[in-house]
>>> print(open('input38.cif').read())   # mmCIF, C-alpha atoms
data_protein
loop_
_atom_site.label_atom_id
_atom_site.label_comp_id
_atom_site.auth_asym_id
_atom_site.auth_seq_id
_atom_site.Cartn_x
_atom_site.Cartn_y
_atom_site.Cartn_z
CA MET A 3 7.73 6.22 24.85
CA SER A 4 8.69 9.71 23.70
CA PRO A 5 6.55 12.85 24.38
CA ALA A 6 5.58 12.95 20.68
CA ASP A 7 4.20 9.42 20.89
CA LYS A 8 2.08 10.39 23.91
CA THR A 9 0.17 12.98 21.88
CA THR A 10 -0.26 10.97 18.66
CA PHE A 11 -1.20 7.65 20.20
CA PRO A 12 -1.64 7.97 23.97
CA LEU A 13 -2.59 4.31 24.40
CA GLY A 14 0.73 2.99 23.08
CA THR A 15 0.89 -0.05 20.82
CA ALA A 16 -1.31 -3.11 20.99
CA ALA A 17 1.75 -5.28 21.68
CA SER A 18 2.83 -3.01 24.57
CA ARG A 19 -0.63 -3.52 26.12
CA GLY A 20 -0.46 -7.29 25.77
CA LEU A 21 -2.80 -7.45 22.80
CA ASN A 22 -2.42 -9.29 19.49
CA CYS A 23 -4.00 -7.79 16.38
CA CYS A 24 -5.30 -10.62 14.16
CA HIS A 25 -3.57 -10.64 10.75
CA THR A 26 -6.76 -11.74 9.01
CA CYS A 27 -9.62 -9.81 10.57
CA GLY A 28 -7.96 -7.15 12.76
CA ARG A 29 -9.69 -8.30 15.95
CA LEU A 30 -7.73 -7.64 19.13
CA ALA A 31 -7.16 -10.47 21.58
CA THR A 32 -5.00 -10.87 24.67
CA PHE A 33 -1.64 -12.68 24.44
CA LYS A 34 -3.17 -15.61 26.34
CA LYS A 35 -5.35 -16.56 23.35
CA THR A 36 -3.58 -18.62 20.68
CA HIS A 37 -6.36 -18.27 18.09
CA CYS A 38 -8.48 -15.30 17.08
CA PRO A 39 -11.88 -15.51 18.81
CA ARG A 40 -13.58 -14.15 15.69
CA CYS A 41 -11.94 -15.86 12.69
CA HIS A 42 -9.83 -18.60 14.36
CA THR A 43 -6.56 -17.50 12.70
CA HIS A 44 -3.42 -18.43 14.65
CA LEU A 45 -2.34 -15.29 16.56
CA HIS A 46 1.14 -13.75 16.72
CA PRO A 47 2.23 -10.28 17.87
CA ARG A 48 4.14 -9.97 14.55
CA ILE A 49 4.32 -12.18 11.44
CA PRO A 50 6.73 -15.00 12.47
CA HIS A 51 10.15 -14.83 10.73
CA SER A 52 8.83 -11.96 8.64
CA LEU A 53 12.22 -10.60 7.52
CA GLN A 54 13.67 -14.05 6.73
CA ARG A 55 10.63 -14.97 4.63
CA THR A 56 10.66 -11.65 2.80
CA LEU A 57 14.39 -11.88 2.06
CA ALA A 58 14.17 -15.50 0.90
CA LEU A 59 11.29 -14.77 -1.48
CA THR A 60 12.97 -11.61 -2.76
CA LEU A 61 16.18 -13.54 -3.42
CA ALA A 62 14.28 -16.22 -5.35
CA ALA A 63 12.60 -13.48 -7.41
CA ALA A 64 15.97 -11.80 -8.10
CA VAL A 65 17.40 -15.09 -9.40
CA LEU A 66 14.42 -15.65 -11.71
CA TYR A 67 14.64 -12.06 -12.92
CA ILE A 68 17.77 -13.04 -14.91
CA PRO A 69 16.14 -15.65 -17.21
CA ALA A 70 13.03 -13.42 -17.36
CA ASN A 71 15.12 -10.78 -19.14
CA THR A 72 17.69 -12.81 -21.06
CA MET A 73 15.43 -15.54 -22.46
CA PRO A 74 12.71 -14.92 -25.07
CA ILE A 75 9.27 -13.99 -23.72
CA MET A 76 7.64 -15.03 -27.01
CA VAL A 77 8.64 -16.77 -30.21
CA VAL A 78 7.19 -15.51 -33.50
CA THR A 79 7.23 -18.08 -36.30
CA ALA A 80 6.45 -16.72 -39.79
CA PHE A 81 7.01 -17.93 -43.36
CA ASN A 82 10.33 -16.08 -43.42
CA GLY A 83 11.78 -17.55 -40.27
CA THR A 84 11.60 -17.49 -36.48
CA VAL A 85 12.12 -14.42 -34.29
CA GLU A 86 12.62 -14.59 -30.53
CA ASN A 87 11.47 -11.53 -28.58
CA THR A 88 12.82 -10.51 -25.19
CA ILE A 89 11.11 -8.03 -22.86
CA LEU A 90 13.62 -5.29 -23.66
CA GLY A 91 13.38 -6.15 -27.35
CA GLY A 92 9.64 -5.45 -27.19
CA VAL A 93 10.31 -2.04 -25.64
CA VAL A 94 12.79 -1.22 -28.41
CA THR A 95 10.30 -2.33 -31.11
CA PHE A 96 7.61 0.01 -29.77
CA TRP A 97 10.15 2.81 -29.49
CA GLU A 98 11.14 2.35 -33.14
CA MET A 99 7.45 2.31 -34.11
CA HIS A 100 7.26 5.76 -32.43
CA ALA A 101 4.71 4.36 -29.96
CA TYR A 102 6.50 6.10 -27.09
CA PRO A 103 3.73 5.88 -24.44
CA VAL A 104 3.41 2.10 -24.98
CA ALA A 105 7.18 1.66 -24.89
CA ALA A 106 7.19 3.63 -21.65
CA ILE A 107 4.36 1.57 -20.09
CA ILE A 108 6.07 -1.73 -20.87
CA PHE A 109 9.48 -0.47 -19.81
CA ILE A 110 8.14 0.83 -16.49
CA ALA A 111 5.87 -2.15 -15.76
CA SER A 112 8.29 -4.88 -16.83
CA VAL A 113 11.75 -3.51 -16.12
CA VAL A 114 11.72 -0.55 -13.73
CA ILE A 115 9.03 -1.68 -11.28
CA PRO A 116 10.39 -5.22 -10.73
CA ILE A 117 13.90 -3.89 -10.07
CA LEU A 118 12.63 -1.15 -7.75
CA LYS A 119 10.50 -3.73 -5.95
CA LEU A 120 13.46 -6.05 -5.39
CA ILE A 121 15.58 -3.16 -4.12
CA SER A 122 12.89 -1.76 -1.82
CA LEU A 123 12.08 -5.19 -0.34
CA VAL A 124 15.73 -5.77 0.54
CA TRP A 125 15.99 -2.20 1.86
CA LEU A 126 12.87 -2.66 4.04
CA CYS A 127 14.39 -5.82 5.54
CA VAL A 128 17.66 -3.98 6.21
CA VAL A 129 16.12 -0.97 7.97
CA SER A 130 13.75 -3.14 10.02
CA ARG A 131 16.28 -5.69 11.25
CA PRO A 132 16.73 -5.65 15.04
CA SER A 133 20.47 -4.76 15.07
CA ARG A 134 19.91 -1.72 12.84
CA ARG A 135 17.15 -0.23 14.96
CA ALA A 136 19.20 2.22 17.04
CA GLU A 137 20.45 4.05 13.93
CA ASN A 138 17.02 5.11 12.63
CA SER A 139 16.05 8.79 12.51
CA PRO A 140 12.52 9.88 13.57
CA ALA A 141 11.49 10.49 9.93
CA ALA A 142 12.75 7.07 8.79
CA PRO A 143 9.66 4.99 9.64
CA HIS A 144 7.35 7.32 7.70
CA ARG A 145 9.57 6.98 4.63
CA ALA A 146 9.83 3.21 5.02
CA THR A 147 6.05 2.86 5.44
CA ARG A 148 5.49 4.87 2.26
CA ILE A 149 7.84 2.60 0.35
CA TYR A 150 6.14 -0.48 1.81
CA ARG A 151 2.69 0.75 0.72
CA LEU A 152 3.94 1.55 -2.77
CA THR A 153 5.53 -1.90 -3.06
CA GLU A 154 2.24 -3.54 -2.07
CA LEU A 155 0.25 -1.33 -4.45
CA VAL A 156 2.23 -1.73 -7.67
CA GLY A 157 2.90 -5.47 -7.30
CA ARG A 158 0.17 -6.77 -9.57
CA TRP A 159 0.71 -4.27 -12.39
CA SER A 160 3.96 -5.92 -13.49
CA MET A 161 1.83 -8.81 -14.75
CA VAL A 162 0.85 -6.70 -17.83
CA ASP A 163 3.53 -8.24 -20.04
CA VAL A 164 2.41 -11.78 -19.23
CA PHE A 165 -1.14 -10.86 -20.28
CA VAL A 166 0.13 -9.26 -23.50
CA VAL A 167 1.80 -12.57 -24.36
CA THR A 168 -1.44 -14.41 -23.47
CA ILE A 169 -3.47 -12.34 -25.94
CA LEU A 170 -0.85 -12.42 -28.71
CA VAL A 171 -0.43 -16.19 -28.46
CA ALA A 172 -4.19 -16.68 -28.54
CA VAL A 173 -4.86 -14.33 -31.43
CA VAL A 174 -1.91 -14.82 -33.76
CA GLN A 175 -2.32 -18.43 -34.88
CA PHE A 176 -2.39 -18.27 -38.67
CA GLY A 177 -0.67 -21.57 -39.35
CA GLN A 178 2.14 -21.23 -41.91
CA VAL A 179 1.74 -17.47 -42.28
CA MET A 180 2.43 -16.47 -38.73
CA SER A 181 2.11 -17.93 -35.27
CA ILE A 182 3.28 -16.88 -31.80
CA SER A 183 4.12 -19.15 -28.88
CA PRO A 184 5.15 -18.21 -25.32
CA GLY A 185 8.87 -18.30 -24.49
CA PRO A 186 10.44 -19.52 -21.23
CA ALA A 187 10.82 -15.93 -19.99
CA ALA A 188 7.03 -15.55 -19.76
CA LEU A 189 6.79 -18.15 -17.00
CA ALA A 190 9.95 -16.85 -15.30
CA PHE A 191 8.59 -13.31 -15.35
CA ALA A 192 5.21 -14.39 -13.96
CA ALA A 193 7.12 -16.18 -11.19
CA VAL A 194 9.10 -13.00 -10.42
CA VAL A 195 5.86 -11.03 -10.02
CA VAL A 196 4.21 -13.72 -7.87
CA LEU A 197 7.31 -14.11 -5.66
CA THR A 198 7.68 -10.34 -5.08
CA MET A 199 3.97 -10.13 -4.23
CA LEU A 200 4.41 -12.95 -1.70
CA ALA A 201 7.54 -11.24 -0.35
CA ALA A 202 5.71 -7.93 0.14
CA HIS A 203 2.90 -9.80 1.84
CA SER A 204 5.30 -11.58 4.23
CA PHE A 205 6.80 -8.30 5.34
CA ASP A 206 5.28 -7.03 8.57
CA PRO A 207 5.24 -3.19 8.40
CA ARG A 208 4.89 -2.97 12.19
CA LEU A 209 8.55 -4.01 12.45
CA ILE A 210 9.45 -0.62 10.93
CA TRP A 211 7.77 1.12 13.87
CA ASP A 212 9.07 -1.31 16.48
CA ALA A 213 12.53 -0.21 15.39
CA GLN A 214 11.54 3.42 15.98
CA LYS A 215 10.16 2.77 19.46
CA LYS A 216 13.31 0.93 20.59
CA HIS A 217 15.39 3.83 19.32
CA GLN A 218 13.45 6.45 21.27
CA SER A 219 13.34 4.55 24.53
CA SER A 220 17.08 3.86 24.45
CA MET B 25 -8.20 -3.05 28.75
CA SER B 26 -10.41 -5.93 29.86
CA ASP B 27 -12.69 -5.61 26.86
CA PRO B 28 -10.70 -5.33 23.61
CA HIS B 29 -13.84 -4.69 21.51
CA HIS B 30 -13.76 -0.91 21.73
CA PHE B 31 -10.15 -0.70 20.72
CA VAL B 32 -8.60 -0.88 17.30
CA ALA B 33 -4.93 -1.43 16.49
CA CYS B 34 -3.38 0.06 13.36
CA PRO B 35 -2.60 -2.86 11.03
CA GLU B 36 0.57 -1.14 9.79
CA CYS B 37 2.19 0.24 12.95
CA ASP B 38 0.31 -1.44 15.84
CA ALA B 39 -0.67 1.87 17.53
CA LEU B 40 -3.73 1.37 19.71
CA PHE B 41 -6.78 3.63 19.53
CA THR B 42 -10.33 3.76 20.79
CA LEU B 43 -12.65 3.60 17.82
CA PRO B 44 -14.28 7.03 17.41
CA PRO B 45 -17.91 7.34 16.24
CA LEU B 46 -17.77 8.20 12.53
CA ASP B 47 -20.15 10.03 10.22
CA SER B 48 -21.07 7.95 7.19
CA GLY B 49 -18.47 8.11 4.45
CA HIS B 50 -15.76 9.30 6.85
CA SER B 51 -12.60 7.35 7.59
CA ALA B 52 -10.55 6.98 10.74
CA VAL B 53 -6.85 7.41 9.99
CA CYS B 54 -3.93 6.32 12.19
CA SER B 55 -2.33 9.44 13.69
CA ARG B 56 1.04 7.72 13.90
CA CYS B 57 1.59 6.29 10.40
CA GLY B 58 -1.40 7.55 8.38
CA ALA B 59 -2.88 4.14 7.54
CA ARG B 60 -6.65 4.01 7.10
CA LEU B 61 -8.13 2.19 10.07
CA TYR B 62 -11.81 2.05 9.25
CA THR B 63 -14.36 3.70 6.96
CA ALA B 64 -17.97 4.12 7.98
CA ARG B 65 -19.97 2.94 4.99
CA PRO B 66 -23.74 3.17 5.23
CA ARG B 67 -25.61 0.14 3.88
CA ALA B 68 -22.32 -1.61 3.07
CA LEU B 69 -23.95 -5.03 2.67
CA GLN B 70 -26.74 -3.72 0.41
CA ARG B 71 -24.23 -1.96 -1.83
CA ALA B 72 -21.88 -4.94 -1.95
CA THR B 73 -24.79 -7.22 -2.85
CA ALA B 74 -26.08 -4.93 -5.59
CA TRP B 75 -22.67 -4.36 -7.18
CA SER B 76 -21.77 -8.05 -6.94
CA LEU B 77 -25.03 -9.09 -8.62
CA ALA B 78 -24.29 -6.67 -11.45
CA ALA B 79 -20.69 -7.93 -11.63
CA ALA B 80 -21.93 -11.54 -11.75
CA THR B 81 -24.24 -10.75 -14.67
CA PHE B 82 -21.50 -9.00 -16.65
CA PHE B 83 -19.00 -11.73 -15.81
CA VAL B 84 -21.26 -14.45 -17.22
CA ILE B 85 -21.62 -12.40 -20.42
CA ALA B 86 -17.85 -11.82 -20.54
CA VAL B 87 -17.15 -15.54 -20.32
CA THR B 88 -19.88 -16.67 -22.72
CA PHE B 89 -19.50 -14.31 -25.68
CA PRO B 90 -16.46 -13.78 -27.95
CA PHE B 91 -13.92 -11.32 -26.57
CA LEU B 92 -12.70 -10.14 -29.96
CA SER B 93 -12.44 -11.30 -33.51
CA LEU B 94 -9.66 -10.51 -35.92
CA GLU B 95 -8.93 -10.83 -39.58
CA SER B 96 -5.59 -11.12 -41.29
CA THR B 97 -4.59 -12.20 -44.80
CA GLY B 98 -7.99 -13.68 -45.43
CA GLN B 99 -8.08 -15.78 -42.26
CA SER B 100 -10.26 -14.82 -39.35
CA SER B 101 -10.16 -16.01 -35.78
CA GLN B 102 -12.44 -15.45 -32.84
CA LEU B 103 -11.29 -15.33 -29.27
CA HIS B 104 -13.11 -16.16 -26.04
CA LEU B 105 -11.61 -15.33 -22.65
CA ALA B 106 -11.27 -19.01 -21.75
CA GLY B 107 -9.97 -19.67 -25.27
CA SER B 108 -7.05 -17.30 -24.71
CA VAL B 109 -6.02 -19.32 -21.68
CA ALA B 110 -6.45 -22.59 -23.58
CA ALA B 111 -4.28 -21.28 -26.45
CA LEU B 112 -1.48 -20.56 -23.98
CA ALA B 113 -1.65 -24.14 -22.71
CA GLU B 114 -1.78 -25.63 -26.23
CA ASN B 115 1.18 -23.62 -27.48
CA GLY B 116 3.64 -24.68 -24.86
CA SER B 117 3.00 -23.23 -21.42
CA PRO B 118 0.29 -25.05 -19.40
CA SER B 119 1.63 -23.77 -16.06
CA LEU B 120 1.50 -20.17 -17.24
CA ALA B 121 -2.00 -20.81 -18.58
CA ALA B 122 -3.08 -22.07 -15.16
CA ALA B 123 -1.70 -18.93 -13.48
CA VAL B 124 -3.43 -16.64 -15.98
CA ALA B 125 -6.69 -18.58 -15.53
CA VAL B 126 -6.49 -17.90 -11.79
CA PHE B 127 -5.72 -14.19 -12.22
CA ILE B 128 -8.42 -13.33 -14.78
CA LEU B 129 -11.12 -15.99 -14.37
CA ALA B 130 -11.02 -17.93 -11.11
CA ALA B 131 -10.12 -15.03 -8.78
CA PRO B 132 -12.77 -12.58 -10.08
CA ALA B 133 -15.37 -15.38 -10.07
CA PHE B 134 -14.50 -16.23 -6.48
CA MET B 135 -14.53 -12.58 -5.37
CA ILE B 136 -18.02 -12.10 -6.84
CA ALA B 137 -19.45 -15.41 -5.62
CA GLY B 138 -17.76 -15.16 -2.20
CA THR B 139 -19.05 -11.63 -1.62
CA LEU B 140 -22.60 -12.70 -2.47
CA TYR B 141 -22.25 -15.86 -0.38
CA LEU B 142 -21.53 -13.70 2.66
CA SER B 143 -23.53 -10.54 2.00
CA VAL B 144 -26.92 -12.08 1.19
CA PRO B 145 -27.26 -14.23 4.36
CA LEU B 146 -25.75 -11.42 6.48
CA LEU B 147 -28.39 -9.03 5.13
CA ALA B 148 -30.97 -11.48 6.46
CA GLY B 149 -29.08 -11.58 9.76
CA THR B 150 -27.95 -15.21 9.45
CA LEU B 151 -24.54 -16.83 9.00
CA PRO B 152 -23.90 -19.10 5.99
CA PRO B 153 -21.99 -22.37 6.55
CA LEU B 154 -18.16 -22.07 6.56
CA VAL B 155 -18.50 -18.30 7.02
CA ASN B 156 -14.99 -17.91 8.49
CA ARG B 157 -13.35 -19.98 5.78
CA VAL B 158 -14.99 -17.96 2.98
CA ALA B 159 -14.24 -14.58 4.59
CA HIS B 160 -10.63 -15.64 5.10
CA LEU B 161 -10.32 -16.81 1.48
CA LEU B 162 -11.74 -13.48 0.25
CA THR B 163 -8.82 -11.63 1.88
CA VAL B 164 -6.31 -14.10 0.42
CA VAL B 165 -7.74 -14.25 -3.12
CA ARG B 166 -8.16 -10.47 -3.37
CA GLN B 167 -4.50 -9.80 -4.18
CA TRP B 168 -4.55 -12.36 -7.01
CA ASN B 169 -7.60 -10.76 -8.61
CA MET B 170 -6.18 -8.97 -11.69
CA PRO B 171 -8.83 -8.35 -14.35
CA GLU B 172 -7.87 -4.66 -14.58
CA VAL B 173 -4.22 -5.53 -15.19
CA PHE B 174 -5.36 -7.95 -17.91
CA LEU B 175 -7.34 -5.13 -19.54
CA ILE B 176 -4.17 -3.01 -19.82
CA GLY B 177 -2.41 -6.04 -21.31
CA VAL B 178 -5.22 -6.39 -23.87
CA LEU B 179 -4.94 -2.72 -24.87
CA VAL B 180 -1.15 -3.01 -25.27
CA SER B 181 -1.48 -6.12 -27.42
CA PHE B 182 -3.97 -4.31 -29.68
CA LEU B 183 -1.23 -1.82 -30.42
CA LYS B 184 1.09 -4.67 -31.34
CA LEU B 185 -1.54 -6.24 -33.59
CA HIS B 186 -3.16 -3.32 -35.36
CA HIS B 187 -0.68 -3.19 -38.23
CA LEU B 188 -1.06 -6.84 -39.15
CA SER B 189 -4.74 -7.46 -38.65
CA GLU B 190 -8.23 -6.01 -38.33
CA ILE B 191 -9.56 -6.27 -34.78
CA THR B 192 -13.27 -6.19 -33.94
CA LEU B 193 -14.17 -5.97 -30.27
CA GLY B 194 -16.75 -8.46 -29.05
CA VAL B 195 -19.57 -8.13 -26.53
CA SER B 196 -17.39 -9.84 -23.96
CA PHE B 197 -14.79 -7.06 -24.10
CA TYR B 198 -17.30 -4.45 -22.93
CA ALA B 199 -18.88 -6.85 -20.44
CA PHE B 200 -15.41 -7.49 -19.02
CA ILE B 201 -14.85 -3.76 -18.46
CA ALA B 202 -18.28 -3.55 -16.79
CA THR B 203 -17.31 -6.51 -14.58
CA ILE B 204 -14.16 -4.70 -13.46
CA VAL B 205 -16.14 -1.53 -12.59
CA CYS B 206 -18.83 -3.41 -10.65
CA LEU B 207 -16.42 -5.73 -8.85
CA THR B 208 -14.21 -2.79 -7.81
CA ALA B 209 -17.28 -0.92 -6.52
CA SER B 210 -18.43 -4.02 -4.67
CA LEU B 211 -15.06 -4.53 -2.96
CA ALA B 212 -14.92 -0.82 -2.11
CA SER B 213 -18.37 -0.90 -0.46
CA ALA B 214 -17.67 -3.84 1.85
CA GLY B 215 -14.02 -4.52 2.57
CA PRO B 216 -12.92 -7.62 4.50
CA ARG B 217 -12.93 -5.70 7.79
CA SER B 218 -16.55 -4.69 7.40
CA PHE B 219 -17.47 -8.31 6.65
CA TRP B 220 -15.74 -9.45 9.83
CA HIS B 221 -17.61 -6.77 11.74
CA GLN B 222 -20.96 -7.91 10.31
CA ILE B 223 -20.09 -11.56 10.98
CA GLU B 224 -19.40 -10.71 14.62
CA LEU B 225 -22.71 -8.84 14.89
CA ALA B 226 -24.62 -11.81 13.40
CA THR B 227 -22.82 -14.40 15.57
CA PRO B 228 -25.16 -15.48 18.38
#
>>> encode(input="input38.cif", output="structure tokens")
Amino acid sequence: MSPADKTTFPLGTAASRGLNCCHTCGRLATFKKTHCPRCHTHLHPRIPHSLQRTLALTLAAAVLYIPANTMPIMVVTAFNGTVENTILGGVVTFWEMHAYPVAAIIFIASVVIPILKLISLVWLCVVSRPSRRAENSPAAPHRATRIYRLTELVGRWSMVDVFVVTILVAVVQFGQVMSISPGPAALAFAAVVVLTMLAAHSFDPRLIWDAQKKHQSS
Amino acid sequence: MSDPHHFVACPECDALFTLPPLDSGHSAVCSRCGARLYTARPRALQRATAWSLAAATFFVIAVTFPFLSLESTGQSSQLHLAGSVAALAENGSPSLAAAVAVFILAAPAFMIAGTLYLSVPLLAGTLPPLVNRVAHLLTVVRQWNMPEVFLIGVLVSFLKLHHLSEITLGVSFYAFIATIVCLTASLASAGPRSFWHQIELATP
């Protein structure tokens, strides 16, 4: 442990003192106990296979991100024909309507945030992997933790586009005149959001700091 | 180290601390990574109960009454919250409809009911049956609870619709906003950690 660690957390880490912190309720228990005495969750010092799980889920989300953007998110059938709308097409439509704030909201929520989430999840796995640990600078874990928190926080907000489709499909059912049905991209996009949320949840942020500790003691 | 009760580990970096006595409303923050460890909330159970009861009332209204009605080229249609999910299933995507039903109906309903299921008996100092299971589920379901995201989606779709139809907001729309406010306040007054703490205190 470095001198800086001694002043900020003189007791060290729970793991270094032989204590498990329950993932569900936060209760501390000694390594000897296999289940949390308070909520009976199975105890581990860290989430088992955290980086593998996170990477696998992120990869699955990245694959589904392709149909989510190339296939139509909704199909508008009117008396003058059928129009298929993609996510980016919707952004362009709002932009041409001069509804710039709405175009920006959809573009950020549906395009920028999912891509940034995929990148940051992969990046978190890379900087936290055991072989990389010695290369980390002292400021690195603070930055990584900030990115982790942001990834957890924004996860749900990407679902906006799916809900827009829900409302439009429900409301615009005027028979021959005009009707809207969901396209395959809607389900793919919902799956991307769910998978990245699961990936963020599988990532154990304590691994970021374990990397730091190994670096300082070496 | 023989008694782990007085210690708290940071959930984000695993640093170990002794839990300091806190003034009400104050939070303990991890000095290593800055994560919030614990907030002292006076009368957490009372507040959670009150907000959840209000949320339950508004939620029932939000589900029962029409969400909005709209008129276009002489045809009018009325939309209920559950109806919007049903329309998604009828027009080609039952699996997406199921997911949306979880995010905007089932998850909020469970968060409200689950909070009341725990907070009311705990106020009386007793433990309801399956207390651990319900408290565990509350932490799991919480991340899938997205009524506020749905509200943004509704507002965006209004902008898409306004040029082709006349929209009238229903009672349910306002009740839904009130549900979001009350449910958020309820979850902020008694987080999962404070429930676990109360459960431990009530356990004989």
>>> closest_residue(input="input38.cif", among="B:Ser218, B:Val205, B:Leu105, B:Glu224", to="B:Phe82", atoms="only C-alpha atoms")
B:Val205
>>> resolve_selection(input="input38.cif", expression="the PyMOL selection byres ((chain B) within 7 of (chain A))", output="number ranges by chain")
B: 28, 33, 36-41, 55-57, 103, 108-109, 111-112, 115-117, 120, 156, 160, 173-174, 176-178, 180-181, 217, 220, 224
>>> write_last_selection(input="input38.cif", atoms="C-alpha atoms", output="compact mmCIF listing (two decimals), keeping the file's coordinate frame")
# COMPACT_ATOMS: atom_id res chain seq x y z
CA PRO B 28 -10.70 -5.33 23.61
CA ALA B 33 -4.93 -1.43 16.49
CA GLU B 36 0.57 -1.14 9.79
CA CYS B 37 2.19 0.24 12.95
CA ASP B 38 0.31 -1.44 15.84
CA ALA B 39 -0.67 1.87 17.53
CA LEU B 40 -3.73 1.37 19.71
CA PHE B 41 -6.78 3.63 19.53
CA SER B 55 -2.33 9.44 13.69
CA ARG B 56 1.04 7.72 13.90
CA CYS B 57 1.59 6.29 10.40
CA LEU B 103 -11.29 -15.33 -29.27
CA SER B 108 -7.05 -17.30 -24.71
CA VAL B 109 -6.02 -19.32 -21.68
CA ALA B 111 -4.28 -21.28 -26.45
CA LEU B 112 -1.48 -20.56 -23.98
CA ASN B 115 1.18 -23.62 -27.48
CA GLY B 116 3.64 -24.68 -24.86
CA SER B 117 3.00 -23.23 -21.42
CA LEU B 120 1.50 -20.17 -17.24
CA ASN B 156 -14.99 -17.91 8.49
CA HIS B 160 -10.63 -15.64 5.10
CA VAL B 173 -4.22 -5.53 -15.19
CA PHE B 174 -5.36 -7.95 -17.91
CA ILE B 176 -4.17 -3.01 -19.82
CA GLY B 177 -2.41 -6.04 -21.31
CA VAL B 178 -5.22 -6.39 -23.87
CA VAL B 180 -1.15 -3.01 -25.27
CA SER B 181 -1.48 -6.12 -27.42
CA ARG B 217 -12.93 -5.70 7.79
CA TRP B 220 -15.74 -9.45 9.83
CA GLU B 224 -19.40 -10.71 14.62
>>> atom_distance(input="input38.cif", atom1="atom CA of B:Ile204", atom2="atom CA of B:Ala68")
18.7 Å
>>> atom_distance(input="input38.cif", atom1="atom CA of B:Ala74", atom2="atom CA of B:Pro228")
26.2 Å
>>> residues_near_point(input="input38.cif", point="(-26.6, -9.8, 6.8)", cutoff="12 Å", atoms="all atoms listed in the file", output="short mmCIF file (atom, residue, chain, number, x, y, z; two decimals) with C-alpha atoms, in the frame of the given file")
data_model
loop_
_atom_site.label_atom_id
_atom_site.label_comp_id
_atom_site.auth_asym_id
_atom_site.auth_seq_id
_atom_site.Cartn_x
_atom_site.Cartn_y
_atom_site.Cartn_z
CA ARG B 67 -25.61 0.14 3.88
CA ALA B 68 -22.32 -1.61 3.07
CA LEU B 69 -23.95 -5.03 2.67
CA GLN B 70 -26.74 -3.72 0.41
CA ARG B 71 -24.23 -1.96 -1.83
CA ALA B 72 -21.88 -4.94 -1.95
CA THR B 73 -24.79 -7.22 -2.85
CA THR B 139 -19.05 -11.63 -1.62
CA LEU B 140 -22.60 -12.70 -2.47
CA TYR B 141 -22.25 -15.86 -0.38
CA LEU B 142 -21.53 -13.70 2.66
CA SER B 143 -23.53 -10.54 2.00
CA VAL B 144 -26.92 -12.08 1.19
CA PRO B 145 -27.26 -14.23 4.36
CA LEU B 146 -25.75 -11.42 6.48
CA LEU B 147 -28.39 -9.03 5.13
CA ALA B 148 -30.97 -11.48 6.46
CA GLY B 149 -29.08 -11.58 9.76
CA THR B 150 -27.95 -15.21 9.45
CA LEU B 151 -24.54 -16.83 9.00
CA PRO B 152 -23.90 -19.10 5.99
CA VAL B 155 -18.50 -18.30 7.02
CA ALA B 214 -17.67 -3.84 1.85
CA SER B 218 -16.55 -4.69 7.40
CA PHE B 219 -17.47 -8.31 6.65
CA TRP B 220 -15.74 -9.45 9.83
CA HIS B 221 -17.61 -6.77 11.74
CA GLN B 222 -20.96 -7.91 10.31
CA ILE B 223 -20.09 -11.56 10.98
CA GLU B 224 -19.40 -10.71 14.62
CA LEU B 225 -22.71 -8.84 14.89
CA ALA B 226 -24.62 -11.81 13.40
CA THR B 227 -22.82 -14.40 15.57
#
>>> resolve_selection(input="input38.cif", expression="the PyMOL selection byres ((chain A and resi 55-58) around 10)", output="JSON, numbers by chain")
{"A": [49, 50, 51, 52, 53, 54, 59, 60, 61, 62, 63, 64, 120, 123, 124, 125, 126, 127, 128, 197, 198, 199, 200, 201, 202, 203, 204, 205, 206]}
>>> write_last_selection(input="input38.cif", atoms="C-alpha atoms", output="CSV table (one decimal), in the frame of the given file")
chain,number,residue,atom,x,y,z
A,49,ILE,CA,4.3,-12.2,11.4
A,50,PRO,CA,6.7,-15.0,12.5
A,51,HIS,CA,10.2,-14.8,10.7
A,52,SER,CA,8.8,-12.0,8.6
A,53,LEU,CA,12.2,-10.6,7.5
A,54,GLN,CA,13.7,-14.0,6.7
A,59,LEU,CA,11.3,-14.8,-1.5
A,60,THR,CA,13.0,-11.6,-2.8
A,61,LEU,CA,16.2,-13.5,-3.4
A,62,ALA,CA,14.3,-16.2,-5.4
A,63,ALA,CA,12.6,-13.5,-7.4
A,64,ALA,CA,16.0,-11.8,-8.1
A,120,LEU,CA,13.5,-6.0,-5.4
A,123,LEU,CA,12.1,-5.2,-0.3
A,124,VAL,CA,15.7,-5.8,0.5
A,125,TRP,CA,16.0,-2.2,1.9
A,126,LEU,CA,12.9,-2.7,4.0
A,127,CYS,CA,14.4,-5.8,5.5
A,128,VAL,CA,17.7,-4.0,6.2
A,197,LEU,CA,7.3,-14.1,-5.7
A,198,THR,CA,7.7,-10.3,-5.1
A,199,MET,CA,4.0,-10.1,-4.2
A,200,LEU,CA,4.4,-13.0,-1.7
A,201,ALA,CA,7.5,-11.2,-0.4
A,202,ALA,CA,5.7,-7.9,0.1
A,203,HIS,CA,2.9,-9.8,1.8
A,204,SER,CA,5.3,-11.6,4.2
A,205,PHE,CA,6.8,-8.3,5.3
A,206,ASP,CA,5.3,-7.0,8.6
>>> atom_distance(input="input38.cif", atom1="atom CA of B:Val195", atom2="atom CA of B:Val84")
11.4 Å
>>> residues_around(input="input38.cif", residues="B:Gly98", least_positions_apart="2", cutoff="12 Å", atoms="all atoms listed in the file", output="PyMOL selection string")
(chain A and resi 176+179) or (chain B and resi 94-96+100-101+188-190)
>>> closest_residue(input="input38.cif", among="B:Arg166, B:His186, B:Arg65, B:His104", to="B:Asp47", atoms="all atoms listed in the file")
B:Arg65
